[in-house]
Amino acid sequence: MGCKGPVTYNACSVVRWNDGTSYPIQSGHGCIGCSEEGFWDNGPLYQHRSQFPGFGIESTADTIGTAVGLTTIAGVAAHAVVTNIRKHKVIAEVHAEEQKES
Amino acid sequence: MARIVVDPVTRIEGHLRVEAVVENGVITDAFSAGTMVRGLEKILVGRDPRDAWAITERVCGVCTTVHALASVRSVEDALGISVPPTAELIRNIMLTTQYVQDHVVHFYHLHALDWVDIVNALKADPKKAAELASSFSKWDKNTAAYFSAVQDKIKAFAASGLGIFANGYWGHPAYTLPPEVNLIGVAHYLDALEWQKEVVKIHAVFGGKNPHPNYLVGGVPCSIDVDEVAAINSERLNLVARLISQADEFVNQVYIPDLLAVASFYKDWSKYGGGLKNHLSYGEFPTKGYGQIDGFKYARGAVLGRDLSTVHAVNPRDAQEIKEYIAHSWYTYDGGNETGIHPWAGERKIAYSGPKPPFETLGGTRSIRS
C-alpha cells in the first residue's frame with residue numbers, strides 16, 4: 001500500500017507518539033515517511049517506492065523480491081535488511097563527522 | 001509621533017506583524033499584516049489527489065487535523081465518493097477532539113495572559129481562591145492546599161526571572177482581576193497544559209499521532225475490532241472514552257467557569273473590535289454524509305450585519321454566493337484585484353511584496369519596550 005516504514009529512518013514504532021499511545025502503522029495507516037528529507041516529493045504516498053533520492057542501495061529490494069519470487073512478507077523483510085544496511089552507513093557517517101569535529 | 005512595530009506577534013500560530021502610530025501616548029492608527037505566504041494551493045498542483053490531505057494538513061500544527069479533513073472531503077466531493085457511517089463517526093470524534101482542545105488552548109495558552117497577571121497571583125490568599133473557585137465550579141482541585149502549592153511554584157518561578165514570561169506587562173493597570181482570580185487563572189493555565197496533551201491521544205488512536213494525524217480519502221485508515229490486538233480494540237476505545245469524559249469535566253468545571261469569571265471583569269472590552277459583523281458557517285458534524293446538510297449537527301448558514309434574527313441559507317457551490325477577495329492578500333487576479341471570484345475558479349497567482357528573508361529586523365524595531 002505504499003508504506004514508507006521500511007525506508008524511513010525513525011523510531012516511531014519503538015517510542016511511539018503522544019506518550020507512547022500509538023503511531024501511524026499501529027493506527028492502520030501506512031507510514032508516509034514524514035521525517036525523511038523532502039518527504040513530500042518522495043513520490044505519491046500510496047505508491048510503493050523502494051528508493052529515496054541519495055540512497056541507491058534500496059533500489060535492489062524490489063528487484064530481489066521479484067526476481068526470487070518471494071512473498072510480500074519476504075519483500076518487506078528484504079526492505080528491513082537494506083534499511084538496516086543504510087542505517088549502518090548513516091550511523092557510520094555521523095560517527096565519522098563527530099570524530100572529525102572533536 | 002512614534003511608530004511602533006511588533007513583529008512577530010507571539011502567542012499566535014503563524015506570523016503576524018502589527019504597526020501602531022502613537023501620538024502623545026495614544027494610538028492614533030494601527031495596521032496588521034500576515035507576512036507569510038504558504039502557497040499550498042501552488043504546492044498541490046500536479047500531485048495525486050489522495051496525497052493532498054497530508055500536505056494541506058501541515059499548514060498549521062495547532063489547528064492540526066481540520067485542514068486534512070477539509071482536503072479529503074474536497075477530493076471525495078470531486079470524485080463522488082461517500083464515506084461509510086463508521087468512518088463519518090470517527091472523523092466527527094477526531095474533529096470534536098480538535099474543536100474542544102483548540103478552544104481551551106486558545107483561551108489559556110494564547111490568550112489568558114492578556115487578562116491574567118501571573119505576578120499579581122502572588123498576592124492572592126489561597127484559601128479565598130479555593131472558596132471563590134468552589135463557588136462557580138465542582139473541580140476537585142479547588143482546595144487551599146492546591147492553590148497554595150501553585151503559588152509556591154509561581155514564587156520560585158518569579159525568583160528565577162519568570163523564564164519565557166519575563167517580557168510580560170505584569171502589574172500594568174489594564175490587568176483588573178483580583179489576585180485570587182489571577183491565581184486561579186495561572187493554576188488552570190498549567191492544568192490545561194497537562195490536559196491538552198492527554199486529550200489529543202484520541203488523534204493518536206485513530207490517526208497514529210498528533211500533530212498531523214493520518215486521514216484517508218474514502219474513509220478512515222483505522223479498522224475496528226474489539227477483540228483484535230492489532231486493530232482499534234476495546235482497550236483503545238476505552239482509552240478514547242476515558243479521554244472524552246476527562247475533556248467533558250475539564251471544559252465544564254474549569255474552562256467555561258474560568259472564561260466567564262475572567263470575562264466578568266473585562267466587560268468594557270466588548271466595545272472594541274467587531275470586524276465585518278458578518279458570520280458564515282459551512283455547517284459541521286455530518287450524521288448522514290457530508291452531502292446531506294439537514295443531517296449536520298451544526299447548521300449551515302450566514303448572519304449578515306450582526307442581524308441575529310435572520311440566518312441566511314448558503315449554497316457554497318453558487319459562484320454568486322461565495323466570492324473570494326484578495327485585495328488585502330498576497331495574490332493578484334487577472335480580472336483586477338478588487339473583483340471577487342469563487343474559489344473553484346482556481347485563480348491563484350501569488351504577488352508577494354512583503355518582507356524578504358533574512359528576516360533580521362523586518363524593517364522595524366524588534367521590541368516595543370523602552
# chains A, B, ... in the order shown; residues from 1 in each chain; ligands from 1

$ interface_residues --of "chain A" --to "chain B" --cutoff "9 Å" --atoms "only C-alpha atoms" --output "list in words"
Arg16, Trp17, Asn18, Asp19, Thr21, Ser22, Tyr23, Pro24, Ile25, Gln26, Ser27, Gly28, His29, Gly30, Ile32, Trp40, Pro44, Leu45 and Tyr46 of chain A

$ write_last_selection --atoms "N, CA, C and O atoms" --output "PDB file, in the first residue's frame"
ATOM      1  N   ARG A  16       6.911   5.516  19.859  1.00  0.00           N
ATOM      2  CA  ARG A  16       5.506   5.836  19.599  1.00  0.00           C
ATOM      3  C   ARG A  16       5.161   7.269  20.021  1.00  0.00           C
ATOM      4  O   ARG A  16       5.890   7.913  20.753  1.00  0.00           O
ATOM      5  N   TRP A  17       4.020   7.742  19.500  1.00  0.00           N
ATOM      6  CA  TRP A  17       3.657   9.149  19.649  1.00  0.00           C
ATOM      7  C   TRP A  17       2.779   9.387  20.870  1.00  0.00           C
ATOM      8  O   TRP A  17       2.103   8.472  21.333  1.00  0.00           O
ATOM      9  N   ASN A  18       2.763  10.650  21.327  1.00  0.00           N
ATOM     10  CA  ASN A  18       1.864  11.103  22.388  1.00  0.00           C
ATOM     11  C   ASN A  18       1.963  10.207  23.625  1.00  0.00           C
ATOM     12  O   ASN A  18       1.011   9.490  23.950  1.00  0.00           O
ATOM     13  N   ASP A  19       3.121  10.255  24.249  1.00  0.00           N
ATOM     14  CA  ASP A  19       3.384   9.455  25.457  1.00  0.00           C
ATOM     15  C   ASP A  19       3.259   7.960  25.182  1.00  0.00           C
ATOM     16  O   ASP A  19       2.751   7.207  26.012  1.00  0.00           O
ATOM     17  N   THR A  21       1.347   6.420  22.950  1.00  0.00           N
ATOM     18  CA  THR A  21      -0.031   5.966  22.703  1.00  0.00           C
ATOM     19  C   THR A  21      -0.141   5.108  21.445  1.00  0.00           C
ATOM     20  O   THR A  21      -0.754   4.045  21.456  1.00  0.00           O
ATOM     21  N   SER A  22       0.447   5.573  20.350  1.00  0.00           N
ATOM     22  CA  SER A  22       0.300   4.859  19.087  1.00  0.00           C
ATOM     23  C   SER A  22       1.291   5.431  18.080  1.00  0.00           C
ATOM     24  O   SER A  22       2.104   6.303  18.421  1.00  0.00           O
ATOM     25  N   TYR A  23       1.251   4.924  16.891  1.00  0.00           N
ATOM     26  CA  TYR A  23       1.999   5.532  15.778  1.00  0.00           C
ATOM     27  C   TYR A  23       1.272   5.154  14.500  1.00  0.00           C
ATOM     28  O   TYR A  23       0.397   4.270  14.519  1.00  0.00           O
ATOM     29  N   PRO A  24       1.557   5.852  13.385  1.00  0.00           N
ATOM     30  CA  PRO A  24       0.709   5.681  12.204  1.00  0.00           C
ATOM     31  C   PRO A  24       0.412   4.227  11.823  1.00  0.00           C
ATOM     32  O   PRO A  24      -0.748   3.877  11.590  1.00  0.00           O
ATOM     33  N   ILE A  25       1.396   3.361  11.783  1.00  0.00           N
ATOM     34  CA  ILE A  25       1.134   1.992  11.324  1.00  0.00           C
ATOM     35  C   ILE A  25       0.220   1.261  12.314  1.00  0.00           C
ATOM     36  O   ILE A  25      -0.688   0.535  11.915  1.00  0.00           O
ATOM     37  N   GLN A  26       0.423   1.506  13.613  1.00  0.00           N
ATOM     38  CA  GLN A  26      -0.449   0.866  14.611  1.00  0.00           C
ATOM     39  C   GLN A  26      -1.904   1.303  14.448  1.00  0.00           C
ATOM     40  O   GLN A  26      -2.828   0.527  14.669  1.00  0.00           O
ATOM     41  N   SER A  27      -2.095   2.566  14.049  1.00  0.00           N
ATOM     42  CA  SER A  27      -3.464   3.067  13.902  1.00  0.00           C
ATOM     43  C   SER A  27      -4.098   2.573  12.600  1.00  0.00           C
ATOM     44  O   SER A  27      -5.304   2.723  12.406  1.00  0.00           O
ATOM     45  N   GLY A  28      -3.303   2.014  11.697  1.00  0.00           N
ATOM     46  CA  GLY A  28      -3.871   1.423  10.487  1.00  0.00           C
ATOM     47  C   GLY A  28      -3.460   2.084   9.183  1.00  0.00           C
ATOM     48  O   GLY A  28      -3.784   1.598   8.110  1.00  0.00           O
ATOM     49  N   HIS A  29      -2.750   3.206   9.273  1.00  0.00           N
ATOM     50  CA  HIS A  29      -2.338   3.913   8.061  1.00  0.00           C
ATOM     51  C   HIS A  29      -0.880   3.594   7.767  1.00  0.00           C
ATOM     52  O   HIS A  29      -0.087   3.447   8.689  1.00  0.00           O
ATOM     53  N   GLY A  30      -0.538   3.515   6.525  1.00  0.00           N
ATOM     54  CA  GLY A  30       0.860   3.327   6.171  1.00  0.00           C
ATOM     55  C   GLY A  30       1.697   4.514   6.617  1.00  0.00           C
ATOM     56  O   GLY A  30       1.180   5.594   6.843  1.00  0.00           O
ATOM     57  N   ILE A  32       4.048   7.544   6.004  1.00  0.00           N
ATOM     58  CA  ILE A  32       4.272   8.412   4.843  1.00  0.00           C
ATOM     59  C   ILE A  32       5.698   8.952   4.843  1.00  0.00           C
ATOM     60  O   ILE A  32       6.053   9.808   4.042  1.00  0.00           O
ATOM     61  N   TRP A  40       7.689  15.118   1.023  1.00  0.00           N
ATOM     62  CA  TRP A  40       6.546  15.458   0.174  1.00  0.00           C
ATOM     63  C   TRP A  40       6.837  15.271  -1.306  1.00  0.00           C
ATOM     64  O   TRP A  40       5.925  15.194  -2.111  1.00  0.00           O
ATOM     65  N   PRO A  44       4.242   9.595  -4.738  1.00  0.00           N
ATOM     66  CA  PRO A  44       2.911   9.541  -4.129  1.00  0.00           C
ATOM     67  C   PRO A  44       2.923   8.710  -2.844  1.00  0.00           C
ATOM     68  O   PRO A  44       3.644   7.711  -2.746  1.00  0.00           O
ATOM     69  N   LEU A  45       2.112   9.122  -1.860  1.00  0.00           N
ATOM     70  CA  LEU A  45       2.124   8.467  -0.556  1.00  0.00           C
ATOM     71  C   LEU A  45       1.654   7.021  -0.622  1.00  0.00           C
ATOM     72  O   LEU A  45       2.081   6.196   0.172  1.00  0.00           O
ATOM     73  N   TYR A  46       0.753   6.735  -1.561  1.00  0.00           N
ATOM     74  CA  TYR A  46       0.156   5.398  -1.564  1.00  0.00           C
ATOM     75  C   TYR A  46       0.743   4.512  -2.663  1.00  0.00           C
ATOM     76  O   TYR A  46       0.143   3.525  -3.047  1.00  0.00           O
TER      77      TYR A  46
END

$ residues_around --residues "Phe31 in chain B" --least-positions-apart "6" --cutoff "8 Å" --atoms "only C-alpha atoms" --output "NGL selection string"
:B and (18-20)

$ residues_around --residues "range 174-180 of chain B" --least-positions-apart "6" --cutoff "8 Å" --atoms "only C-alpha atoms" --output "number ranges by chain"
B: 114-117, 120-126, 128-129, 132, 262, 265-266

$ write_last_selection --atoms "all heavy atoms" --output "CSV table (one decimal), in the first residue's frame"
chain,number,residue,atom,x,y,z
B,114,ASP,N,-3.1,37.9,28.5
B,114,ASP,CA,-3.5,39.3,28.3
B,114,ASP,C,-4.5,39.7,29.4
B,114,ASP,O,-4.7,40.9,29.5
B,114,ASP,CB,-4.3,39.4,26.9
B,114,ASP,CG,-3.3,39.2,25.7
B,114,ASP,OD1,-2.1,39.5,25.9
B,114,ASP,OD2,-3.8,38.8,24.7
B,115,TRP,N,-5.1,38.8,30.1
B,115,TRP,CA,-6.1,39.2,31.1
B,115,TRP,C,-5.6,38.8,32.5
B,115,TRP,O,-6.0,39.4,33.5
B,115,TRP,CB,-7.4,38.4,30.8
B,115,TRP,CG,-7.8,38.4,29.4
B,115,TRP,CD1,-7.8,37.4,28.5
B,115,TRP,CD2,-8.3,39.5,28.7
B,115,TRP,NE1,-8.2,37.8,27.3
B,115,TRP,CE2,-8.5,39.1,27.4
B,115,TRP,CE3,-8.5,40.9,29.0
B,115,TRP,CZ2,-9.0,40.0,26.3
B,115,TRP,CZ3,-9.0,41.7,28.0
B,115,TRP,CH2,-9.2,41.3,26.7
B,116,VAL,N,-4.8,37.7,32.6
B,116,VAL,CA,-4.4,37.1,33.9
B,116,VAL,C,-2.9,37.6,34.2
B,116,VAL,O,-2.0,37.4,33.4
B,116,VAL,CB,-4.4,35.6,33.8
B,116,VAL,CG1,-3.9,35.0,35.1
B,116,VAL,CG2,-5.9,35.1,33.6
B,117,ASP,N,-2.8,38.2,35.3
B,117,ASP,CA,-1.5,38.7,35.7
B,117,ASP,C,-0.8,37.7,36.6
B,117,ASP,O,-1.2,37.5,37.8
B,117,ASP,CB,-1.7,40.1,36.5
B,117,ASP,CG,-0.3,40.7,36.8
B,117,ASP,OD1,0.7,40.0,36.9
B,117,ASP,OD2,-0.3,42.0,37.0
B,120,ASN,N,0.8,39.1,39.9
B,120,ASN,CA,-0.2,39.5,40.9
B,120,ASN,C,-0.8,38.4,41.7
B,120,ASN,O,-1.3,38.5,42.8
B,120,ASN,CB,-1.3,40.3,40.2
B,120,ASN,CG,-2.3,40.8,41.1
B,120,ASN,OD1,-3.3,40.2,41.3
B,120,ASN,ND2,-2.1,42.0,41.7
B,121,ALA,N,-0.7,37.2,41.1
B,121,ALA,CA,-1.2,36.0,41.7
B,121,ALA,C,-0.5,35.7,43.0
B,121,ALA,O,-1.0,35.0,43.9
B,121,ALA,CB,-1.1,34.8,40.8
B,122,LEU,N,0.7,36.2,43.2
B,122,LEU,CA,1.5,36.0,44.4
B,122,LEU,C,0.8,36.7,45.6
B,122,LEU,O,1.0,36.3,46.8
B,122,LEU,CB,2.9,36.6,44.3
B,122,LEU,CG,3.8,35.8,43.3
B,122,LEU,CD1,5.1,36.6,43.1
B,122,LEU,CD2,4.1,34.4,43.9
B,123,LYS,N,0.0,37.7,45.3
B,123,LYS,CA,-0.7,38.4,46.4
B,123,LYS,C,-2.0,37.7,46.9
B,123,LYS,O,-2.7,38.2,47.8
B,123,LYS,CB,-1.0,39.9,46.0
B,123,LYS,CG,0.2,40.7,45.7
B,123,LYS,CD,-0.3,42.1,45.3
B,123,LYS,CE,0.9,43.0,44.9
B,123,LYS,NZ,0.5,44.1,44.0
B,124,ALA,N,-2.4,36.7,46.2
B,124,ALA,CA,-3.7,36.0,46.5
B,124,ALA,C,-3.6,35.3,47.8
B,124,ALA,O,-2.6,34.8,48.2
B,124,ALA,CB,-4.0,35.1,45.4
B,125,ASP,N,-4.8,35.1,48.4
B,125,ASP,CA,-4.9,34.3,49.6
B,125,ASP,C,-5.5,32.9,49.1
B,125,ASP,O,-6.6,32.8,48.5
B,125,ASP,CB,-6.0,34.9,50.5
B,125,ASP,CG,-6.3,34.0,51.7
B,125,ASP,OD1,-5.9,32.8,51.7
B,125,ASP,OD2,-6.9,34.5,52.7
B,126,PRO,N,-4.6,31.9,49.2
B,126,PRO,CA,-5.0,30.6,48.6
B,126,PRO,C,-6.4,30.1,49.1
B,126,PRO,O,-7.1,29.4,48.4
B,126,PRO,CB,-3.9,29.6,49.0
B,126,PRO,CG,-2.7,30.5,49.3
B,126,PRO,CD,-3.3,31.8,49.8
B,128,LYS,N,-8.9,31.9,50.1
B,128,LYS,CA,-10.0,32.7,49.4
B,128,LYS,C,-10.2,32.2,48.0
B,128,LYS,O,-11.3,32.2,47.4
B,128,LYS,CB,-9.7,34.2,49.5
B,128,LYS,CG,-10.1,34.8,50.7
B,128,LYS,CD,-10.0,36.4,50.6
B,128,LYS,CE,-10.1,37.0,51.9
B,128,LYS,NZ,-9.4,38.4,51.9
B,129,ALA,N,-9.0,31.9,47.3
B,129,ALA,CA,-9.1,31.4,45.9
B,129,ALA,C,-9.8,30.1,45.8
B,129,ALA,O,-10.6,29.9,44.9
B,129,ALA,CB,-7.6,31.3,45.4
B,132,LEU,N,-13.5,30.9,46.3
B,132,LEU,CA,-14.1,31.5,45.1
B,132,LEU,C,-14.3,30.5,44.0
B,132,LEU,O,-15.3,30.4,43.3
B,132,LEU,CB,-13.1,32.6,44.6
B,132,LEU,CG,-13.5,33.4,43.4
B,132,LEU,CD1,-14.8,34.2,43.7
B,132,LEU,CD2,-12.4,34.4,43.0
B,262,VAL,N,-13.3,35.4,34.2
B,262,VAL,CA,-12.4,36.4,33.7
B,262,VAL,C,-13.2,37.5,32.9
B,262,VAL,O,-13.0,38.7,33.1
B,262,VAL,CB,-11.3,35.7,32.8
B,262,VAL,CG1,-10.5,36.8,32.1
B,262,VAL,CG2,-10.4,34.9,33.7
B,265,PHE,N,-14.8,40.5,34.6
B,265,PHE,CA,-14.0,41.7,35.0
B,265,PHE,C,-13.6,42.5,33.8
B,265,PHE,O,-12.9,43.5,34.0
B,265,PHE,CB,-12.8,41.2,35.7
B,265,PHE,CG,-13.1,40.6,37.1
B,265,PHE,CD1,-13.3,39.3,37.3
B,265,PHE,CD2,-13.2,41.5,38.2
B,265,PHE,CE1,-13.6,38.8,38.5
B,265,PHE,CE2,-13.5,41.0,39.4
B,265,PHE,CZ,-13.7,39.7,39.6
B,266,TYR,N,-13.9,42.1,32.6
B,266,TYR,CA,-13.4,42.9,31.4
B,266,TYR,C,-14.5,43.2,30.5
B,266,TYR,O,-14.3,43.3,29.3
B,266,TYR,CB,-12.3,42.1,30.7
B,266,TYR,CG,-11.0,42.0,31.4
B,266,TYR,CD1,-10.6,40.8,32.1
B,266,TYR,CD2,-10.1,43.1,31.4
B,266,TYR,CE1,-9.4,40.7,32.8
B,266,TYR,CE2,-8.9,43.0,32.1
B,266,TYR,CZ,-8.5,41.8,32.8
B,266,TYR,OH,-7.3,41.7,33.4

$ atom_distance --atom1 "CA of Gly289 in chain B" --atom2 "CA of Met94 in chain B"
15.8 Å

$ select_by_dssp --residues "range 101-269 of chain B" --states "alpha helix (DSSP H)" --output "ChimeraX atom specification"
/B:101-105,126-136,144-159,179-199,201-207,234-250,256-264

$ write_last_selection --atoms "C-alpha atoms" --output "PDB file, in the first residue's frame"
ATOM      1  CA  GLN B 101      -8.785  21.130  22.611  1.00  0.00           C
ATOM      2  CA  ASP B 102      -8.272  24.183  20.409  1.00  0.00           C
ATOM      3  CA  HIS B 103     -10.768  26.308  22.374  1.00  0.00           C
ATOM      4  CA  VAL B 104      -9.024  25.507  25.652  1.00  0.00           C
ATOM      5  CA  VAL B 105      -5.526  26.076  24.249  1.00  0.00           C
ATOM      6  CA  PRO B 126      -5.041  30.574  48.562  1.00  0.00           C
ATOM      7  CA  LYS B 127      -7.922  29.889  50.956  1.00  0.00           C
ATOM      8  CA  LYS B 128     -10.020  32.662  49.411  1.00  0.00           C
ATOM      9  CA  ALA B 129      -9.060  31.449  45.916  1.00  0.00           C
ATOM     10  CA  ALA B 130     -10.325  27.971  46.825  1.00  0.00           C
ATOM     11  CA  GLU B 131     -13.599  29.372  48.170  1.00  0.00           C
ATOM     12  CA  LEU B 132     -14.079  31.533  45.085  1.00  0.00           C
ATOM     13  CA  ALA B 133     -13.320  28.683  42.674  1.00  0.00           C
ATOM     14  CA  SER B 134     -15.679  26.362  44.584  1.00  0.00           C
ATOM     15  CA  SER B 135     -18.459  28.922  44.222  1.00  0.00           C
ATOM     16  CA  PHE B 136     -18.520  28.523  40.431  1.00  0.00           C
ATOM     17  CA  ALA B 144      -6.463  25.890  49.544  1.00  0.00           C
ATOM     18  CA  ALA B 145      -3.625  23.353  49.576  1.00  0.00           C
ATOM     19  CA  TYR B 146      -3.655  23.112  45.788  1.00  0.00           C
ATOM     20  CA  PHE B 147      -3.689  26.867  45.187  1.00  0.00           C
ATOM     21  CA  SER B 148      -1.008  27.300  47.838  1.00  0.00           C
ATOM     22  CA  ALA B 149       1.225  24.809  46.023  1.00  0.00           C
ATOM     23  CA  VAL B 150       0.686  26.642  42.720  1.00  0.00           C
ATOM     24  CA  GLN B 151       1.549  29.908  44.433  1.00  0.00           C
ATOM     25  CA  ASP B 152       4.817  28.393  45.704  1.00  0.00           C
ATOM     26  CA  LYS B 153       5.582  27.328  42.153  1.00  0.00           C
ATOM     27  CA  ILE B 154       4.984  30.888  40.881  1.00  0.00           C
ATOM     28  CA  LYS B 155       7.129  32.261  43.716  1.00  0.00           C
ATOM     29  CA  ALA B 156      10.088  30.101  42.700  1.00  0.00           C
ATOM     30  CA  PHE B 157       9.459  30.911  39.038  1.00  0.00           C
ATOM     31  CA  ALA B 158       9.353  34.678  39.701  1.00  0.00           C
ATOM     32  CA  ALA B 159      12.546  34.453  41.761  1.00  0.00           C
ATOM     33  CA  PRO B 179      -5.262  38.395  42.976  1.00  0.00           C
ATOM     34  CA  GLU B 180      -7.388  35.300  43.715  1.00  0.00           C
ATOM     35  CA  VAL B 181      -8.752  35.149  40.158  1.00  0.00           C
ATOM     36  CA  ASN B 182      -5.216  35.617  38.836  1.00  0.00           C
ATOM     37  CA  LEU B 183      -4.088  32.664  40.947  1.00  0.00           C
ATOM     38  CA  ILE B 184      -6.964  30.512  39.701  1.00  0.00           C
ATOM     39  CA  GLY B 185      -6.094  31.547  36.125  1.00  0.00           C
ATOM     40  CA  VAL B 186      -2.414  30.635  36.456  1.00  0.00           C
ATOM     41  CA  ALA B 187      -3.230  27.328  38.177  1.00  0.00           C
ATOM     42  CA  HIS B 188      -5.589  26.346  35.377  1.00  0.00           C
ATOM     43  CA  TYR B 189      -3.174  27.593  32.703  1.00  0.00           C
ATOM     44  CA  LEU B 190      -0.812  24.884  33.985  1.00  0.00           C
ATOM     45  CA  ASP B 191      -3.590  22.278  34.349  1.00  0.00           C
ATOM     46  CA  ALA B 192      -4.781  22.994  30.805  1.00  0.00           C
ATOM     47  CA  LEU B 193      -1.249  22.444  29.518  1.00  0.00           C
ATOM     48  CA  GLU B 194      -1.277  18.950  31.020  1.00  0.00           C
ATOM     49  CA  TRP B 195      -4.835  18.167  29.928  1.00  0.00           C
ATOM     50  CA  GLN B 196      -4.399  19.235  26.301  1.00  0.00           C
ATOM     51  CA  LYS B 197      -1.596  16.748  25.730  1.00  0.00           C
ATOM     52  CA  GLU B 198      -3.843  13.976  27.102  1.00  0.00           C
ATOM     53  CA  VAL B 199      -6.935  14.691  25.016  1.00  0.00           C
ATOM     54  CA  LYS B 201      -4.263  10.969  22.347  1.00  0.00           C
ATOM     55  CA  ILE B 202      -7.648  10.413  20.684  1.00  0.00           C
ATOM     56  CA  HIS B 203      -5.948  11.564  17.473  1.00  0.00           C
ATOM     57  CA  ALA B 204      -3.105   9.134  18.115  1.00  0.00           C
ATOM     58  CA  VAL B 205      -5.548   6.237  18.488  1.00  0.00           C
ATOM     59  CA  PHE B 206      -7.437   6.884  15.245  1.00  0.00           C
ATOM     60  CA  GLY B 207      -4.799   8.720  13.230  1.00  0.00           C
ATOM     61  CA  SER B 234     -11.766  -2.432  23.320  1.00  0.00           C
ATOM     62  CA  GLU B 235      -8.636  -1.205  25.136  1.00  0.00           C
ATOM     63  CA  ARG B 236      -8.217   1.599  22.577  1.00  0.00           C
ATOM     64  CA  LEU B 237     -11.912   2.514  22.657  1.00  0.00           C
ATOM     65  CA  ASN B 238     -11.866   2.574  26.472  1.00  0.00           C
ATOM     66  CA  LEU B 239      -8.941   4.985  26.320  1.00  0.00           C
ATOM     67  CA  VAL B 240     -10.927   7.221  23.963  1.00  0.00           C
ATOM     68  CA  ALA B 241     -13.997   7.050  26.229  1.00  0.00           C
ATOM     69  CA  ARG B 242     -11.909   7.967  29.285  1.00  0.00           C
ATOM     70  CA  LEU B 243     -10.315  10.922  27.475  1.00  0.00           C
ATOM     71  CA  ILE B 244     -13.735  12.169  26.373  1.00  0.00           C
ATOM     72  CA  SER B 245     -15.013  12.045  29.990  1.00  0.00           C
ATOM     73  CA  GLN B 246     -11.936  13.939  31.181  1.00  0.00           C
ATOM     74  CA  ALA B 247     -12.484  16.550  28.472  1.00  0.00           C
ATOM     75  CA  ASP B 248     -16.121  16.908  29.498  1.00  0.00           C
ATOM     76  CA  GLU B 249     -15.097  17.509  33.095  1.00  0.00           C
ATOM     77  CA  PHE B 250     -12.248  19.887  32.268  1.00  0.00           C
ATOM     78  CA  ILE B 256     -16.078  27.596  30.909  1.00  0.00           C
ATOM     79  CA  PRO B 257     -16.255  28.782  34.574  1.00  0.00           C
ATOM     80  CA  ASP B 258     -12.830  30.492  34.167  1.00  0.00           C
ATOM     81  CA  LEU B 259     -13.852  32.085  30.881  1.00  0.00           C
ATOM     82  CA  LEU B 260     -16.985  33.552  32.478  1.00  0.00           C
ATOM     83  CA  ALA B 261     -15.141  34.607  35.645  1.00  0.00           C
ATOM     84  CA  VAL B 262     -12.398  36.422  33.691  1.00  0.00           C
ATOM     85  CA  ALA B 263     -14.855  37.965  31.223  1.00  0.00           C
ATOM     86  CA  SER B 264     -16.963  39.412  34.051  1.00  0.00           C
TER      87      SER B 264
END

$ residues_around --residues "Gln253 in chain B" --least-positions-apart "4" --cutoff "6 Å" --atoms "only C-alpha atoms" --output "VMD selection string"
chain B and resid 137 to 139 249

$ residues_around --residues "range 2-10 of chain B" --least-positions-apart "3" --cutoff "6 Å" --atoms "only C-alpha atoms" --output "tab-separated table (two decimals) with C-alpha atoms, in the first residue's frame"
chain	number	residue	atom	x	y	z
B	15	HIS	CA	3.28	35.12	11.60
B	16	LEU	CA	1.65	38.45	12.34
B	17	ARG	CA	3.05	41.95	12.26
B	18	VAL	CA	1.36	44.91	13.94
B	19	GLU	CA	2.31	48.54	13.49
B	20	ALA	CA	0.90	51.35	15.58
B	21	VAL	CA	1.23	55.10	15.36
B	22	VAL	CA	1.39	56.77	18.76
B	364	GLY	CA	11.08	47.79	12.33
B	365	THR	CA	12.29	47.67	15.86

$ select_by_dssp --residues "range 28-133 of chain B" --states "strand (DSSP E)" --output "NGL selection string"
:B and (28-34)

$ atom_distance --atom1 "CA of Val7 in chain A" --atom2 "CA of Asp41 in chain A"
14.5 Å

$ residues_around --residues "Ser353 in chain B" --least-positions-apart "2" --cutoff "8 Å" --atoms "only C-alpha atoms" --output "PyMOL selection string"
chain B and resi 330+351+355

$ residues_around --residues "Gly33 in chain A" --least-positions-apart "4" --cutoff "7 Å" --atoms "only C-alpha atoms" --output "compact mmCIF listing (two decimals) with all heavy atoms, in the first residue's frame"
# COMPACT_ATOMS: atom_id res chain seq x y z
N LYS A 4 5.93 3.68 3.75
CA LYS A 4 7.32 4.11 3.65
C LYS A 4 8.13 3.70 4.89
O LYS A 4 9.28 4.09 5.04
CB LYS A 4 7.39 5.63 3.48
CG LYS A 4 6.57 6.19 2.31
CD LYS A 4 7.22 5.90 0.97
CE LYS A 4 6.57 6.68 -0.16
NZ LYS A 4 5.22 6.22 -0.51
N GLY A 5 7.50 2.91 5.78
CA GLY A 5 8.17 2.50 7.00
C GLY A 5 9.53 1.86 6.77
O GLY A 5 10.52 2.25 7.39
N THR A 8 12.20 4.47 6.03
CA THR A 8 12.19 5.70 6.82
C THR A 8 13.01 5.49 8.08
O THR A 8 12.81 4.50 8.79
CB THR A 8 10.74 6.09 7.18
OG1 THR A 8 10.02 6.33 5.98
CG2 THR A 8 10.71 7.35 8.05
N PHE A 39 10.15 14.73 2.20
CA PHE A 39 9.28 13.57 2.03
C PHE A 39 8.12 13.84 1.08
O PHE A 39 7.63 12.95 0.41
CB PHE A 39 8.76 13.06 3.38
CG PHE A 39 7.57 13.82 3.92
CD1 PHE A 39 6.29 13.33 3.70
CD2 PHE A 39 7.72 14.99 4.63
CE1 PHE A 39 5.18 14.02 4.19
CE2 PHE A 39 6.63 15.69 5.11
CZ PHE A 39 5.36 15.20 4.89

$ atom_distance --atom1 "CA of Glu41 in chain B" --atom2 "CA of Thr56 in chain B"
8.5 Å
